[in-house]
Amino acid sequence: MAENEWLNKDFYKVLGVSKDATEQEITKAYRKLARKYHPDLNKTKEAEEKFKDISEAYDVLNNKQERQKYDAIRQFAGGGARFAGGSGQGGFGGGAGDFSDIFGSMFGGGAGGPGNIRFSTSGSGGGPTNLNDIFSMFGNAAGQGAGGYAGAGAGSPYGDMGGSSTYREPPTPKRGEDRNSKITLTFRQAVKGATVSLKAGGRKFKTRIPAGVKTGQKIRLPGKGRAGSGGGANGDMYLHITVKSDPKFSMEGHDIVMPLPITIGQAVSGARVKARDFDGDEVTFKVPAGTSSGAEVRIGGKGVPGRDGDLVGRVEIRVPSRPTMAQKRDAKEFDKNSGEFVDEVAQERE
């Protein structure tokens with residue numbers, strides 16, 4: 001379609017999109033209308049004409065350079081100018097501006113005087129010979145014909161339909177593939193959570209690891225997989241977690257577990273035992289009388305931050321590695337005074 005016809009064509013209105021519509025929005029609108037009015041799918045004469053209109057509109061708006069040129073010409077015409085053909089002269093009248101003023105300033109005044117611009121169609125005169133030549137000075141060749149169903153050439157999602165009515169279904173959106181990646185965290189990072197730097201598809205990005213993750217867990221990072229095609233969504237990234245062990249602390253659920261060594265006397269009599277928590281702060285465990293090794297005592301709310309977990313002290317009863325004679329004597333006396341308890345422990349070993 002020749003560019004001098006653009007003045008009477010509102011391509012945005014034809015496709016039902018706004019003037020600031022994105023390329024994706026324009027393509028989506030075209031596909032929707034094309035399915036409705038394509039001659040293979042709609043046999044009416046009105047549908048054929050409608051399909052030509054939407055194809056013409058798409059052919060221009062889907063081409064970045066053509067769209068810029070179209071917008072500029074429509075703007076020069078004040079959004080509603082018309083070209084009045086005559087015997088070799090053209091007059092432009094518009095609401096907000098006058099083409100004669102614009103072209104007059106560009107070319108130093110027109111041959112037709114201040115009110116009108118004349119265009120020679122004889123090819124003489126040494127300058128632009130017709131309206132299309134004037135438009136061509138904006139860039140690219142003017143007056144390019146559409147041929148057949150306009151908008152069905154290069155860049156059209158319907159392939160080369162020029163002159164024929166072969167309908168091609170637009171590409172089906174396909175989601176991108178997922179990525180898998182591995183990361184090793186320190187025990188402190190796993191307990192407290194951490195912000196880490198990652199790389200995918202040649203790009204670096206940061207993500208937040210939540211508090212309380214454990215070895216073997218997977219964290220899903222939406223949209224960080226491979227790019228989709230045909231307008232499909234990106235895939236996801238799955239981050240496989242490995243947590244380094246700590247010599248003293250471990251996690252069980254949202255609890256932080258630590259060993260709590262005590263003496264025989266503390267185990268038998270009960271005691272308030274001081275220790276250092278995961279952050280190095282002093283805490284006090286209350287050990288009930290009659291506590292055995294392996295028993296657990298808790299301090300509420302001191303587990304994984306932001307979670308409903310506790311700090312757990314797992315009791316370990318310790319005895320001297322080289323007891324004195326007095327200690328040995330006292331131990332025997334203790335067993336003697338324990339009565340049936342000694343026999344019950346012996347039976348557990350059998």
# chains A, B, ... in the order shown; residues from 1 in each chain; ligands from 1

call {"tool": "select_by_dssp", "arguments": {"residues": "segment 166-329 of chain A", "states": "helix (DSSP H, G or I)", "output": "ChimeraX atom specification"}}
result
/A:187-192,264-269,325-329

call {"tool": "residues_around", "arguments": {"residues": "Lys224 of chain A", "least_positions_apart": "5", "cutoff": "8 Å", "atoms": "only C-alpha atoms", "output": "list in words"}}
result
Asp178, Arg179, Ala200, Asn234, Gly235, Asp236 and Met237 of chain A

call {"tool": "atom_distance", "arguments": {"atom1": "atom CA of Ala275 of chain A", "atom2": "atom CA of Ile299 of chain A"}}
result
11.4 Å

call {"tool": "select_by_dssp", "arguments": {"residues": "segment 163-315 of chain A", "states": "strand (DSSP E or B)", "output": "MDAnalysis selection string"}}
result
chainID A and resid 174 179:185 194:200 203:209 218:221 229 237:243 250:252 255:263 271:276 282:287 296:300 310:315

call {"tool": "atom_distance", "arguments": {"atom1": "atom CA of Gln65 of chain A", "atom2": "atom CA of Gly232 of chain A"}}
result
26.2 Å

call {"tool": "residues_around", "arguments": {"residues": "Ser292 of chain A", "least_positions_apart": "6", "cutoff": "12 Å", "atoms": "only C-alpha atoms", "output": "PyMOL selection string"}}
result
chain A and resi 260-270+314-318

call {"tool": "atom_distance", "arguments": {"atom1": "atom CA of Gly294 of chain A", "atom2": "atom CA of Val312 of chain A"}}
result
11.3 Å
